[in-house]
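The structure appears below as structure tokens.
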Amino acid sequence: MIHDFTYLKPGTVKEALSMLADHDDSKIVCGGQSLLIPMRQGLLVTEYLIDIKGLNELCYIKYDAKEGLKLGATTTHRMIEKSDVIKKNYPVLVEMEDRLASVQTRNWGTIGGNLAHGDAAGDPAPVLITLGAKVKVASAKGERVIALEEFYTDIFESVMEHDEMIIEVQVPPMPAKTGAAYTKFNLLRNDMGVVGVGVSIAIDGNGACKDAIIALGNAAVTPIRAKNAEKVLVGKKLTDALFAEAGEAAAAECDPVSDIHASEEYRRHLVKVLTKRMAKKACEQASK
Ligand SMILES: Cc1cc2nc3c(=O)[nH]c(=O)nc-3n(C[C@H](O)[C@H](O)[C@H](O)COP(=O)(O)OP(=O)(O)OC[C@H]3O[C@@H](n4cnc5c(N)ncnc54)[C@H](O)[C@@H]3O)c2cc1C
């Protein structure tokens with residue numbers, strides 16, 4: 001049963017931020033695809049619900065070769081999945097969205113809501129971390145930009161203050177000779193991942209690894225980078241043996257839990273296998 005609340009519908013971002021500042025006991029709702037579940041279970045009670053879904057000033061996809069990609073917070077998953085400019089410049093984002101939930105959820109759920117919710121099993125965060133993304137958050141006092149890899153602090157927790165909201169996701173341009181790949185393991189194709197692994201790899205003129213970012217979903221209480229695994233790759237000629245070594249390193253450094261979906265041991269195994277596969281795939285894309 002959903003407890004009573006006062007419904008507020010701001011007409012502008014400024015108005016939304018002032019409502020957040022005025023009401024300590026408030027929650028933002030956008031698509032409601034994550035928020036309404038704990039509300040219906042009675043686990044989350046709030047006095048005010050601030051509905052930002054209609055804020056069209058935050059609903060955009062902008063791309064510029066120098067600046068990269070900018071996604072407004074109320075941009076839906078489906079808009080990202082169907083965007084030609086994203087397909088051309090960040091195909092990994094389209095592939096990720098294609099396996100995120102059902103079309104119905106993608107039609108209504110938003111990128112801002114997904115990242116703010118902070119589910120460690122969420123798909124966008126690991127992919128966006130491999131792409132070096134940042135989030136712009138705003139409050140009535142001003143704005144700040146935070147690297148997504150520094151955004152999460154604990155289970156469903158981020159560095160955002162109560163009076164702040166995500167307004168934009170910023171993704172830098174993909175450097176030349178860089179490839180990125182993401183996959184998740186699940187039993188149903190569009191379920192939340194038991195584990196998700198994103199890898200981006202940049203190679204130099206000789207085919208050696210110039211840079212690597214490996215991000216893991218559902219392999220710790222927050223999305224994390226597997227920095228030891230990245231070190232295995234950087235500066236070396238990339239081979240199947242090296243991808244396997246990176247997988248071993250990622251499995252050793254992650255910190256998964258056991259739950260009804262998988263044991264800790266099985267999750268480590270998945271991290272090992274998927275890191276190896278995604279590193280190889282990212283390398284192949286970088287070489288094209
Ligand atoms: C059946 C189902 C399957 C799903 N499968 C997947 C999946 O496979 N992979 C995956 O990644 N996700 C999955 N999800 C989660 C889904 O992607 C998210 O629920 C959705 O993107 C959240 O966006 P929303 O706009 O609905 O957020 P809401 O539910 O409206 O809000 C979620 C949280 O974010 C806060 N919030 C919302 N917008 C902002 C903002 N701009 N700034 C600050 N805080 C904000 C809210 O206060 C709330 O705490 C699934 C959800 C469902 C219902």
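How things are named: the first chain in the structure tokens is A, the next is B, and so on; residues count from 1 in each chain; ligands count from 1 in the order shown.
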Return as a count of residues only the full set of residues in stretch 26-274 of chain A whose backbone-based DSSP assignment is helix (DSSP H, G or I).
82
Return as JSON, numbers by chain the residues of protein, DNA or RNA that approach ligand 1 to within 6 Å, with only C-alpha atoms and all ligand atoms taken into account.
{"A": [27, 28, 29, 30, 31, 32, 33, 34, 35, 73, 100, 101, 105, 109, 110, 111, 112, 113, 114, 116, 117, 122, 123, 124, 165, 166, 167, 190, 191, 192]}
With a distance cut-off of 6 Å and only C-alpha atoms, select the neighbouring residues of stretch 269-281 of chain A, excluding the residue or stretch itself and same-chain residues fewer than 6 positions from it, and output the selection as an NGL selection string.
:A and (181 or 199 or 243-244 or 247-248 or 251)
Per residue of stretch 20-132 of chain A within 9 Å of stretch 171-179 of chain A, what are the shortest atom pair and its distance in Å to one decimal, counting only C-alpha atoms, with rows by chain and residue number, as a tab-separated table?
```
residue	atom	partner	partner_atom	distance
A:Tyr63	CA	A:Pro173	CA	8.9
A:Asp64	CA	A:Pro173	CA	8.1
A:Ala65	CA	A:Pro173	CA	6.3
A:Lys66	CA	A:Pro173	CA	6.7
A:Glu67	CA	A:Pro172	CA	6.3
A:Gly68	CA	A:Pro173	CA	4.2
A:Leu69	CA	A:Val171	CA	4.9
A:Lys70	CA	A:Val171	CA	6.4
A:Leu71	CA	A:Val171	CA	8.4
A:Asn89	CA	A:Met174	CA	7.4
A:Tyr90	CA	A:Met174	CA	7.6
A:Val92	CA	A:Gly179	CA	8.9
A:Leu128	CA	A:Val171	CA	7.4
A:Leu131	CA	A:Val171	CA	6.6
A:Gly132	CA	A:Val171	CA	6.4
```
Keeping all heavy atoms for every residue in the selection just given, could you write it to a file as a compact mmCIF listing (two decimals), in the first residue's frame?
```
# COMPACT_ATOMS: atom_id res chain seq x y z
N TYR A 63 24.95 15.83 -29.29
CA TYR A 63 26.29 15.31 -29.56
C TYR A 63 27.09 16.33 -30.34
O TYR A 63 26.60 16.97 -31.26
CB TYR A 63 26.24 14.00 -30.36
CG TYR A 63 27.62 13.50 -30.69
CD1 TYR A 63 28.42 12.91 -29.71
CD2 TYR A 63 28.15 13.67 -31.97
CE1 TYR A 63 29.71 12.49 -30.01
CE2 TYR A 63 29.45 13.24 -32.26
CZ TYR A 63 30.21 12.65 -31.28
OH TYR A 63 31.50 12.24 -31.56
N ASP A 64 28.36 16.45 -29.94
CA ASP A 64 29.28 17.33 -30.63
C ASP A 64 30.63 16.60 -30.62
O ASP A 64 31.03 16.06 -29.58
CB ASP A 64 29.33 18.64 -29.82
CG ASP A 64 30.39 19.59 -30.32
OD1 ASP A 64 31.59 19.37 -30.04
OD2 ASP A 64 30.01 20.56 -30.96
N ALA A 65 31.31 16.57 -31.77
CA ALA A 65 32.54 15.77 -31.87
C ALA A 65 33.59 16.22 -30.85
O ALA A 65 34.42 15.43 -30.40
CB ALA A 65 33.09 15.87 -33.29
N LYS A 66 33.60 17.51 -30.49
CA LYS A 66 34.59 18.01 -29.52
C LYS A 66 34.14 17.80 -28.08
O LYS A 66 34.91 17.40 -27.21
CB LYS A 66 34.82 19.50 -29.74
CG LYS A 66 35.82 19.79 -30.80
CD LYS A 66 36.39 21.20 -30.61
CE LYS A 66 37.25 21.56 -31.82
NZ LYS A 66 36.73 22.70 -32.54
N GLU A 67 32.86 18.08 -27.84
CA GLU A 67 32.33 18.03 -26.46
C GLU A 67 31.87 16.64 -26.04
O GLU A 67 31.79 16.32 -24.87
CB GLU A 67 31.13 18.97 -26.35
CG GLU A 67 31.44 20.42 -26.59
CD GLU A 67 31.79 21.13 -25.31
OE1 GLU A 67 31.03 20.99 -24.34
OE2 GLU A 67 32.84 21.80 -25.30
N GLY A 68 31.50 15.84 -27.03
CA GLY A 68 30.96 14.51 -26.72
C GLY A 68 29.45 14.53 -26.61
O GLY A 68 28.77 15.37 -27.20
N LEU A 69 28.95 13.61 -25.78
CA LEU A 69 27.50 13.38 -25.69
C LEU A 69 26.95 13.99 -24.41
O LEU A 69 27.57 13.88 -23.35
CB LEU A 69 27.27 11.86 -25.68
CG LEU A 69 25.86 11.34 -25.54
CD1 LEU A 69 25.05 11.66 -26.80
CD2 LEU A 69 25.88 9.83 -25.30
N LYS A 70 25.79 14.60 -24.53
CA LYS A 70 25.09 15.11 -23.34
C LYS A 70 23.67 14.55 -23.32
O LYS A 70 22.95 14.70 -24.32
CB LYS A 70 25.08 16.63 -23.33
CG LYS A 70 26.49 17.16 -23.15
CD LYS A 70 26.58 18.62 -22.92
CE LYS A 70 28.05 18.94 -22.60
NZ LYS A 70 28.40 20.31 -22.84
N LEU A 71 23.32 13.93 -22.23
CA LEU A 71 21.98 13.36 -22.08
C LEU A 71 21.29 14.09 -20.94
O LEU A 71 21.79 14.09 -19.81
CB LEU A 71 22.06 11.87 -21.70
CG LEU A 71 22.82 10.94 -22.65
CD1 LEU A 71 23.00 9.56 -22.01
CD2 LEU A 71 22.04 10.82 -23.95
N ASN A 89 28.21 6.81 -32.63
CA ASN A 89 29.40 7.23 -31.87
C ASN A 89 29.64 6.43 -30.59
O ASN A 89 30.77 6.39 -30.11
CB ASN A 89 29.27 8.72 -31.52
CG ASN A 89 29.29 9.57 -32.77
OD1 ASN A 89 30.34 9.74 -33.38
ND2 ASN A 89 28.14 10.06 -33.19
N TYR A 90 28.61 5.82 -30.03
CA TYR A 90 28.77 5.03 -28.79
C TYR A 90 27.90 3.77 -28.91
O TYR A 90 26.94 3.60 -28.13
CB TYR A 90 28.33 5.84 -27.57
CG TYR A 90 28.97 7.20 -27.41
CD1 TYR A 90 28.40 8.32 -28.01
CD2 TYR A 90 30.14 7.37 -26.67
CE1 TYR A 90 28.98 9.58 -27.88
CE2 TYR A 90 30.72 8.62 -26.53
CZ TYR A 90 30.14 9.71 -27.14
OH TYR A 90 30.71 10.95 -27.00
N VAL A 92 28.09 0.90 -27.95
CA VAL A 92 27.96 0.09 -26.73
C VAL A 92 26.77 0.54 -25.88
O VAL A 92 26.13 -0.27 -25.20
CB VAL A 92 29.29 0.13 -25.93
CG1 VAL A 92 29.58 1.52 -25.38
CG2 VAL A 92 29.27 -0.89 -24.80
N LEU A 128 28.82 3.50 -18.68
CA LEU A 128 29.18 4.92 -18.68
C LEU A 128 30.51 5.16 -17.97
O LEU A 128 31.27 6.04 -18.36
CB LEU A 128 28.05 5.74 -18.04
CG LEU A 128 26.79 5.86 -18.91
CD1 LEU A 128 25.60 6.37 -18.09
CD2 LEU A 128 27.05 6.79 -20.10
N LEU A 131 33.24 4.60 -20.29
CA LEU A 131 33.33 5.69 -21.28
C LEU A 131 33.80 7.00 -20.64
O LEU A 131 33.85 8.03 -21.31
CB LEU A 131 31.96 5.90 -21.94
CG LEU A 131 31.41 4.70 -22.75
CD1 LEU A 131 30.00 4.99 -23.27
CD2 LEU A 131 32.34 4.35 -23.92
N GLY A 132 34.09 6.97 -19.35
CA GLY A 132 34.60 8.17 -18.67
C GLY A 132 33.53 9.22 -18.41
O GLY A 132 33.82 10.43 -18.38
```
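The protein and nucleic acid residues lying at most 6 Å from stretch 154-163 of chain A are A:Leu20, A:Ala21, A:Gly118, A:Asp119, A:Ser139, A:Phe151, A:Val221, A:Thr222, with only C-alpha atoms considered and sequence neighbours fewer than 3 positions away removed.
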Using only N, CA, C and O atoms, please write the residues we just selected to a file, as a tab-separated table (two decimals), in the first residue's frame.
```
chain	number	residue	atom	x	y	z
A	20	LEU	N	12.71	21.04	-3.77
A	20	LEU	CA	13.61	20.13	-3.04
A	20	LEU	C	14.22	20.83	-1.83
A	20	LEU	O	14.34	20.24	-0.74
A	21	ALA	N	14.61	22.10	-2.03
A	21	ALA	CA	15.23	22.86	-0.93
A	21	ALA	C	14.21	23.14	0.17
A	21	ALA	O	14.55	23.13	1.37
A	118	GLY	N	20.83	4.08	-8.17
A	118	GLY	CA	22.08	3.53	-7.64
A	118	GLY	C	22.04	2.04	-7.36
A	118	GLY	O	22.74	1.57	-6.46
A	119	ASP	N	21.26	1.30	-8.13
A	119	ASP	CA	21.27	-0.16	-7.99
A	119	ASP	C	22.60	-0.68	-8.55
A	119	ASP	O	22.93	-0.40	-9.71
A	139	SER	N	21.49	22.02	-7.41
A	139	SER	CA	20.60	22.34	-6.30
A	139	SER	C	20.26	23.82	-6.45
A	139	SER	O	20.78	24.49	-7.36
A	151	PHE	N	30.75	8.64	-7.99
A	151	PHE	CA	29.38	9.06	-7.62
A	151	PHE	C	28.79	8.20	-6.51
A	151	PHE	O	28.10	8.68	-5.62
A	221	VAL	N	29.05	-3.66	-3.68
A	221	VAL	CA	27.82	-2.94	-3.29
A	221	VAL	C	27.52	-1.74	-4.20
A	221	VAL	O	26.41	-1.22	-4.21
A	222	THR	N	28.53	-1.30	-4.92
A	222	THR	CA	28.34	-0.23	-5.92
A	222	THR	C	29.02	-0.68	-7.21
A	222	THR	O	29.82	-1.61	-7.18
```
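Omitting A:Thr130 and its sequence neighbours fewer than 3 positions away, and counting only C-alpha atoms, the residues within 6 Å are Val127, Val199, Ser200, Ile213 and Ala215 of chain A.
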Just-selected residues, C-alpha atoms written as an mmCIF file, in the first residue's frame:
```
data_model
loop_
_atom_site.group_PDB
_atom_site.id
_atom_site.type_symbol
_atom_site.label_atom_id
_atom_site.label_comp_id
_atom_site.auth_asym_id
_atom_site.auth_seq_id
_atom_site.Cartn_x
_atom_site.Cartn_y
_atom_site.Cartn_z
ATOM 1 C CA VAL A 127 29.077 1.188 -19.331
ATOM 2 C CA VAL A 199 35.505 -2.676 -20.834
ATOM 3 C CA SER A 200 36.989 0.096 -22.937
ATOM 4 C CA ILE A 213 38.928 0.922 -18.142
ATOM 5 C CA ALA A 215 33.883 -1.457 -14.744
#
```
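For stretch 4-6 of chain A, the residues within 9 Å (counting only C-alpha atoms, excluding itself and residues fewer than 3 positions away along the chain) are A:Val45, A:Thr46, A:Glu47, A:Tyr48, A:Leu49, A:Ile50.
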Fewer than 3 positions away in the same chain doesn't count, so skip those; otherwise give me all residues within 6 Å of A:Asn218, counting only C-alpha atoms, as a PyMOL selection string.
chain A and resi 120-121+195
Among stretch 211-277 of chain A, which ones does DSSP place in strand (DSSP E), written as a list in words?
Asp211, Ala212, Ile213, Ile214, Ala215, Leu216, Gly217, Ile224 and Arg225 of chain A
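What separates atom CA of A:Tyr7 from atom CA of A:Glu57 is a distance of 20.4 Å.
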